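Have a look at query03.pdb; it's PDB, C-alpha atoms, pLDDT in the B column:
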```pdb
ATOM      1  CA  MET A   1      71.236  72.788 137.595  1.00 30.00           C
ATOM      2  CA  ALA A   2      74.458  74.727 137.681  1.00 35.00           C
ATOM      3  CA  GLY A   3      73.184  77.669 139.694  1.00 37.00           C
ATOM      4  CA  SER A   4      71.210  75.670 142.226  1.00 36.00           C
ATOM      5  CA  GLU A   5      74.192  74.656 144.357  1.00 42.00           C
ATOM      6  CA  GLY A   6      73.779  77.486 146.829  1.00 43.00           C
ATOM      7  CA  PHE A   7      76.072  77.580 149.802  1.00 46.00           C
ATOM      8  CA  VAL A   8      78.278  74.638 150.661  1.00 47.00           C
ATOM      9  CA  GLU A   9      77.069  72.718 153.678  1.00 55.00           C
ATOM     10  CA  ALA A  10      79.248  72.586 156.793  1.00 52.00           C
ATOM     11  CA  ASP A  11      79.842  68.856 156.173  1.00 58.00           C
ATOM     12  CA  ASN A  12      81.691  69.774 152.994  1.00 83.00           C
ATOM     13  CA  ALA A  13      83.805  72.411 154.739  1.00 83.00           C
ATOM     14  CA  GLU A  14      86.450  69.856 155.663  1.00 86.00           C
ATOM     15  CA  ALA A  15      86.713  68.768 152.032  1.00 87.00           C
ATOM     16  CA  ILE A  16      87.077  72.384 150.946  1.00 87.00           C
ATOM     17  CA  ILE A  17      89.776  73.030 153.544  1.00 89.00           C
ATOM     18  CA  THR A  18      91.632  69.926 152.344  1.00 90.00           C
ATOM     19  CA  ARG A  19      91.540  71.265 148.760  1.00 90.00           C
ATOM     20  CA  ILE A  20      92.795  74.636 150.000  1.00 91.00           C
ATOM     21  CA  GLU A  21      95.679  72.901 151.792  1.00 92.00           C
ATOM     22  CA  HIS A  22      96.653  71.146 148.544  1.00 93.00           C
ATOM     23  CA  LYS A  23      96.407  74.457 146.714  1.00 93.00           C
ATOM     24  CA  THR A  24      98.665  76.026 149.352  1.00 95.00           C
ATOM     25  CA  LEU A  25     101.388  73.487 148.625  1.00 96.00           C
ATOM     26  CA  LYS A  26     101.187  74.237 144.908  1.00 96.00           C
ATOM     27  CA  ILE A  27     101.322  77.988 145.538  1.00 96.00           C
ATOM     28  CA  GLU A  28     104.319  77.680 147.843  1.00 97.00           C
ATOM     29  CA  THR A  29     106.125  75.699 145.145  1.00 97.00           C
ATOM     30  CA  LEU A  30     105.348  78.389 142.558  1.00 97.00           C
ATOM     31  CA  LEU A  31     106.557  81.130 144.898  1.00 96.00           C
ATOM     32  CA  LYS A  32     109.818  79.250 145.542  1.00 97.00           C
ATOM     33  CA  GLN A  33     110.241  79.095 141.749  1.00 97.00           C
ATOM     34  CA  PHE A  34     109.772  82.897 141.612  1.00 96.00           C
ATOM     35  CA  LYS A  35     106.454  82.612 139.752  1.00 96.00           C
ATOM     36  CA  PRO A  36     104.198  84.927 141.777  1.00 95.00           C
ATOM     37  CA  VAL A  37     101.756  85.590 138.926  1.00 94.00           C
ATOM     38  CA  GLU A  38     101.130  81.878 138.440  1.00 96.00           C
ATOM     39  CA  ALA A  39     100.740  81.556 142.208  1.00 96.00           C
ATOM     40  CA  LEU A  40      98.102  84.296 142.211  1.00 96.00           C
ATOM     41  CA  LYS A  41      96.239  82.700 139.314  1.00 94.00           C
ATOM     42  CA  THR A  42      96.267  79.393 141.152  1.00 94.00           C
ATOM     43  CA  ALA A  43      95.053  81.080 144.335  1.00 94.00           C
ATOM     44  CA  LEU A  44      92.160  82.771 142.533  1.00 92.00           C
ATOM     45  CA  GLU A  45      91.080  79.625 140.667  1.00 88.00           C
ATOM     46  CA  GLY A  46      88.158  77.887 142.256  1.00 75.00           C
ATOM     47  CA  THR A  47      87.592  80.485 144.927  1.00 69.00           C
ATOM     48  CA  TYR A  48      85.352  79.232 147.657  1.00 56.00           C
ATOM     49  CA  ALA A  49      82.987  82.178 147.758  1.00 54.00           C
ATOM     50  CA  MET A  50      79.938  79.944 147.643  1.00 60.00           C
ATOM     51  CA  THR A  51      80.384  78.799 151.206  1.00 72.00           C
ATOM     52  CA  SER A  52      79.111  80.450 154.315  1.00 78.00           C
ATOM     53  CA  ASP A  53      81.735  78.642 156.387  1.00 83.00           C
ATOM     54  CA  GLU A  54      84.102  81.280 157.776  1.00 88.00           C
ATOM     55  CA  ARG A  55      86.894  78.733 158.258  1.00 89.00           C
ATOM     56  CA  CYS A  56      86.921  78.071 154.514  1.00 89.00           C
ATOM     57  CA  LYS A  57      86.854  81.764 153.688  1.00 90.00           C
ATOM     58  CA  SER A  58      89.691  82.478 156.123  1.00 91.00           C
ATOM     59  CA  ALA A  59      91.789  79.581 154.862  1.00 91.00           C
ATOM     60  CA  HIS A  60      91.357  80.723 151.282  1.00 91.00           C
ATOM     61  CA  TRP A  61      92.132  84.338 152.197  1.00 94.00           C
ATOM     62  CA  ILE A  62      95.452  83.209 153.686  1.00 94.00           C
ATOM     63  CA  VAL A  63      96.352  81.514 150.393  1.00 94.00           C
ATOM     64  CA  VAL A  64      95.359  84.506 148.270  1.00 95.00           C
ATOM     65  CA  HIS A  65      97.082  86.917 150.681  1.00 97.00           C
ATOM     66  CA  ARG A  66     100.350  85.009 150.377  1.00 97.00           C
ATOM     67  CA  ALA A  67     100.195  85.288 146.570  1.00 97.00           C
ATOM     68  CA  ILE A  68      99.165  88.961 146.599  1.00 97.00           C
ATOM     69  CA  MET A  69     102.046  89.897 148.861  1.00 97.00           C
ATOM     70  CA  ALA A  70     104.541  88.224 146.511  1.00 97.00           C
ATOM     71  CA  ILE A  71     103.553  90.378 143.521  1.00 97.00           C
ATOM     72  CA  LYS A  72     106.214  92.935 142.620  1.00 96.00           C
ATOM     73  CA  ASP A  73     105.280  93.818 139.014  1.00 95.00           C
ATOM     74  CA  VAL A  74     101.610  94.797 139.237  1.00 96.00           C
ATOM     75  CA  ASP A  75     101.335  95.816 135.570  1.00 96.00           C
ATOM     76  CA  GLY A  76     102.887  92.540 134.450  1.00 94.00           C
ATOM     77  CA  MET A  77     100.591  90.599 136.723  1.00 95.00           C
ATOM     78  CA  LEU A  78      97.481  92.304 135.376  1.00 96.00           C
ATOM     79  CA  SER A  79      98.651  91.829 131.792  1.00 94.00           C
ATOM     80  CA  SER A  80      98.890  88.090 132.262  1.00 93.00           C
ATOM     81  CA  LEU A  81      95.786  87.717 134.436  1.00 92.00           C
ATOM     82  CA  ASP A  82      92.595  86.821 132.600  1.00 91.00           C
ATOM     83  CA  PRO A  83      89.901  89.520 132.918  1.00 92.00           C
ATOM     84  CA  GLU A  84      87.543  86.938 134.426  1.00 89.00           C
ATOM     85  CA  TYR A  85      89.667  87.120 137.593  1.00 92.00           C
ATOM     86  CA  TYR A  86      89.500  90.904 137.969  1.00 94.00           C
ATOM     87  CA  ASP A  87      86.306  90.928 140.040  1.00 93.00           C
ATOM     88  CA  ILE A  88      87.527  88.103 142.259  1.00 92.00           C
ATOM     89  CA  LEU A  89      90.838  89.872 142.803  1.00 96.00           C
ATOM     90  CA  MET A  90      89.000  93.092 143.684  1.00 96.00           C
ATOM     91  CA  LYS A  91      87.047  91.252 146.394  1.00 94.00           C
ATOM     92  CA  TYR A  92      90.259  89.986 147.945  1.00 95.00           C
ATOM     93  CA  LEU A  93      91.857  93.426 147.736  1.00 97.00           C
ATOM     94  CA  TYR A  94      89.034  94.864 149.806  1.00 96.00           C
ATOM     95  CA  ARG A  95      89.347  91.979 152.236  1.00 95.00           C
ATOM     96  CA  GLY A  96      93.026  92.849 152.538  1.00 97.00           C
ATOM     97  CA  LEU A  97      92.218  96.499 153.140  1.00 97.00           C
ATOM     98  CA  SER A  98      89.832  95.510 155.912  1.00 96.00           C
ATOM     99  CA  THR A  99      92.656  93.858 157.868  1.00 95.00           C
ATOM    100  CA  GLY A 100      94.236  97.190 158.784  1.00 93.00           C
ATOM    101  CA  ASP A 101      97.686  95.600 158.430  1.00 96.00           C
ATOM    102  CA  ARG A 102      99.972  98.292 156.972  1.00 97.00           C
ATOM    103  CA  PRO A 103     102.001  96.138 154.523  1.00 98.00           C
ATOM    104  CA  THR A 104      98.870  94.328 153.344  1.00 98.00           C
ATOM    105  CA  CYS A 105      96.963  97.587 152.882  1.00 98.00           C
ATOM    106  CA  ASP A 106      99.872  99.183 151.005  1.00 98.00           C
ATOM    107  CA  GLN A 107     100.101  96.236 148.608  1.00 98.00           C
ATOM    108  CA  CYS A 108      96.331  96.048 148.149  1.00 98.00           C
ATOM    109  CA  LEU A 109      96.154  99.772 147.374  1.00 98.00           C
ATOM    110  CA  ARG A 110      98.965  99.475 144.805  1.00 98.00           C
ATOM    111  CA  ILE A 111      97.153  96.651 143.048  1.00 98.00           C
ATOM    112  CA  HIS A 112      93.746  98.334 143.464  1.00 98.00           C
ATOM    113  CA  GLU A 113      94.944 101.452 141.640  1.00 97.00           C
ATOM    114  CA  LYS A 114      96.270  99.499 138.653  1.00 97.00           C
ATOM    115  CA  LEU A 115      93.315  97.113 138.589  1.00 97.00           C
ATOM    116  CA  THR A 116      90.850 100.020 138.553  1.00 97.00           C
ATOM    117  CA  GLU A 117      92.759 101.612 135.670  1.00 96.00           C
ATOM    118  CA  ARG A 118      92.573  98.363 133.715  1.00 96.00           C
ATOM    119  CA  ALA A 119      89.115  97.037 134.669  1.00 95.00           C
ATOM    120  CA  GLY A 120      87.292 100.311 135.280  1.00 94.00           C
ATOM    121  CA  HIS A 121      84.994 101.368 138.084  1.00 95.00           C
ATOM    122  CA  GLY A 122      82.531  98.626 137.228  1.00 93.00           C
ATOM    123  CA  CYS A 123      84.844  96.196 138.978  1.00 93.00           C
ATOM    124  CA  ILE A 124      84.431  98.148 142.216  1.00 93.00           C
ATOM    125  CA  LEU A 125      80.670  98.454 141.778  1.00 93.00           C
ATOM    126  CA  ARG A 126      80.290  94.728 141.190  1.00 91.00           C
ATOM    127  CA  PHE A 127      82.227  94.086 144.404  1.00 90.00           C
ATOM    128  CA  LEU A 128      80.053  96.494 146.386  1.00 90.00           C
ATOM    129  CA  THR A 129      76.772  95.103 145.101  1.00 91.00           C
ATOM    130  CA  ASP A 130      77.610  91.386 145.330  1.00 86.00           C
ATOM    131  CA  THR A 131      76.388  90.485 148.789  1.00 81.00           C
ATOM    132  CA  VAL A 132      76.038  86.780 148.020  1.00 78.00           C
ATOM    133  CA  ASN A 133      79.564  85.793 146.938  1.00 79.00           C
ATOM    134  CA  THR A 134      81.621  87.247 149.753  1.00 81.00           C
ATOM    135  CA  VAL A 135      85.215  86.220 150.386  1.00 84.00           C
TER     136      VAL A 135
END
```

Here is a file; write its structure as structure tokens.
Amino acid sequence: MAGSEGFVEADNAEAIITRIEHKTLKIETLLKQFKPVEALKTALEGTYAMTSDERCKSAHWIVVHRAIMAIKDVDGMLSSLDPEYYDILMKYLYRGLSTGDRPTCDQCLRIHEKLTERAGHGCILRFLTDTVNTV
């Protein structure tokens, strides 16, 4: 069954972290090629929200954070980002806001404003009510 996976066991955490490390290399290559939107898409693909392992969540946040901070054209990024990623992006924006880091918060707020305009308030409500798939 597709929905019966539940949370990833701690034994699989190392495998997840290895996949995140490979993803990091790909994202760094995209950023060096001045392709921040593709880097963000890559970072959001296969998010590891279905794990309770904080190491995995932290490792994935670092990858997504790197891509978020590289975005300069927010409107262009949202235009090329598939709507299926809007809710995932919103979760990471709130994670960024929770850091209290000024540059991160400023960037997250810039993206949050444009994302809310595009996706509506439902995107925020889905983030607030989803207590299972935390990032």

Would you kindly translate the PyMOL selection byres ((chain A and resi 28) around 12) into the concrete residues it picks from this file, as a list in words? Glu21, His22, Lys23, Thr24, Leu25, Lys26, Ile27, Thr29, Leu30, Leu31, Lys32, Gln33, Phe34, Lys35, Pro36, Glu38, Ala39, Leu40, Thr42, Ala43, Ile62, Val63, Val64, Arg66, Ala67 and Ala70 of chain A

Using C-alpha atoms, can you write the selected residues to a file as a PDB file, keeping the file's coordinate frame?
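Done, and the output landed in out-v4.pdb:
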```pdb
ATOM      1  CA  GLU A  21      95.679  72.901 151.792  1.00 92.00           C
ATOM      2  CA  HIS A  22      96.653  71.146 148.544  1.00 93.00           C
ATOM      3  CA  LYS A  23      96.407  74.457 146.714  1.00 93.00           C
ATOM      4  CA  THR A  24      98.665  76.026 149.352  1.00 95.00           C
ATOM      5  CA  LEU A  25     101.388  73.487 148.625  1.00 96.00           C
ATOM      6  CA  LYS A  26     101.187  74.237 144.908  1.00 96.00           C
ATOM      7  CA  ILE A  27     101.322  77.988 145.538  1.00 96.00           C
ATOM      8  CA  THR A  29     106.125  75.699 145.145  1.00 97.00           C
ATOM      9  CA  LEU A  30     105.348  78.389 142.558  1.00 97.00           C
ATOM     10  CA  LEU A  31     106.557  81.130 144.898  1.00 96.00           C
ATOM     11  CA  LYS A  32     109.818  79.250 145.542  1.00 97.00           C
ATOM     12  CA  GLN A  33     110.241  79.095 141.749  1.00 97.00           C
ATOM     13  CA  PHE A  34     109.772  82.897 141.612  1.00 96.00           C
ATOM     14  CA  LYS A  35     106.454  82.612 139.752  1.00 96.00           C
ATOM     15  CA  PRO A  36     104.198  84.927 141.777  1.00 95.00           C
ATOM     16  CA  GLU A  38     101.130  81.878 138.440  1.00 96.00           C
ATOM     17  CA  ALA A  39     100.740  81.556 142.208  1.00 96.00           C
ATOM     18  CA  LEU A  40      98.102  84.296 142.211  1.00 96.00           C
ATOM     19  CA  THR A  42      96.267  79.393 141.152  1.00 94.00           C
ATOM     20  CA  ALA A  43      95.053  81.080 144.335  1.00 94.00           C
ATOM     21  CA  ILE A  62      95.452  83.209 153.686  1.00 94.00           C
ATOM     22  CA  VAL A  63      96.352  81.514 150.393  1.00 94.00           C
ATOM     23  CA  VAL A  64      95.359  84.506 148.270  1.00 95.00           C
ATOM     24  CA  ARG A  66     100.350  85.009 150.377  1.00 97.00           C
ATOM     25  CA  ALA A  67     100.195  85.288 146.570  1.00 97.00           C
ATOM     26  CA  ALA A  70     104.541  88.224 146.511  1.00 97.00           C
TER      27      ALA A  70
END
```

Could you spell out the hits of the PyMOL selection byres ((chain A and resi 97) around 12) on the shown file, as a tab-separated table (two decimals) with C-alpha atoms, in the coordinates of the input?
```tsv
chain	number	residue	atom	x	y	z
A	65	HIS	CA	97.08	86.92	150.68
A	90	MET	CA	89.00	93.09	143.68
A	91	LYS	CA	87.05	91.25	146.39
A	92	TYR	CA	90.26	89.99	147.94
A	93	LEU	CA	91.86	93.43	147.74
A	94	TYR	CA	89.03	94.86	149.81
A	95	ARG	CA	89.35	91.98	152.24
A	96	GLY	CA	93.03	92.85	152.54
A	98	SER	CA	89.83	95.51	155.91
A	99	THR	CA	92.66	93.86	157.87
A	100	GLY	CA	94.24	97.19	158.78
A	101	ASP	CA	97.69	95.60	158.43
A	102	ARG	CA	99.97	98.29	156.97
A	103	PRO	CA	102.00	96.14	154.52
A	104	THR	CA	98.87	94.33	153.34
A	105	CYS	CA	96.96	97.59	152.88
A	106	ASP	CA	99.87	99.18	151.00
A	107	GLN	CA	100.10	96.24	148.61
A	108	CYS	CA	96.33	96.05	148.15
A	109	LEU	CA	96.15	99.77	147.37
A	110	ARG	CA	98.96	99.48	144.80
A	111	ILE	CA	97.15	96.65	143.05
A	112	HIS	CA	93.75	98.33	143.46
```

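Minimum distance to Tyr85 in chain A across A:Ala59, A:Leu44, A:Leu128, A:Ile16 (counting all atoms listed in the file) occurs at A:Leu44.
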
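Selecting by distance to (88.0, 72.4, 156.5) with a limit of 12 Å and using only C-alpha atoms, one obtains Val8, Glu9, Ala10, Asp11, Asn12, Ala13, Glu14, Ala15, Ile16, Ile17, Thr18, Arg19, Ile20, Glu21, His22, Tyr48, Thr51, Asp53, Glu54, Arg55, Cys56, Lys57, Ser58, Ala59 and His60 of chain A.
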
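The interatomic distance for the pair CA of Leu78 in chain A and CA of Lys114 in chain A works out to 8.0 Å.
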
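Applied to this file, the PyMOL selection byres ((chain A and resi 134) around 9) selects Ala49, Met50, Thr51, Ser52, Lys57, Lys91, Phe127, Asp130, Thr131, Val132, Asn133 and Val135 of chain A.
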
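Between CA of His121 in chain A and CA of Val37 in chain A the interatomic distance comes to 23.0 Å.
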
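Ranking A:Leu115, A:Leu81, A:Cys123, A:Leu89 by their shortest atom-to-atom distance to Ile68 in chain A, with all atoms listed in the file included, puts A:Leu89 first.
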
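For the pair CA of Val74 in chain A and CA of Thr129 in chain A, the separation is 25.5 Å.
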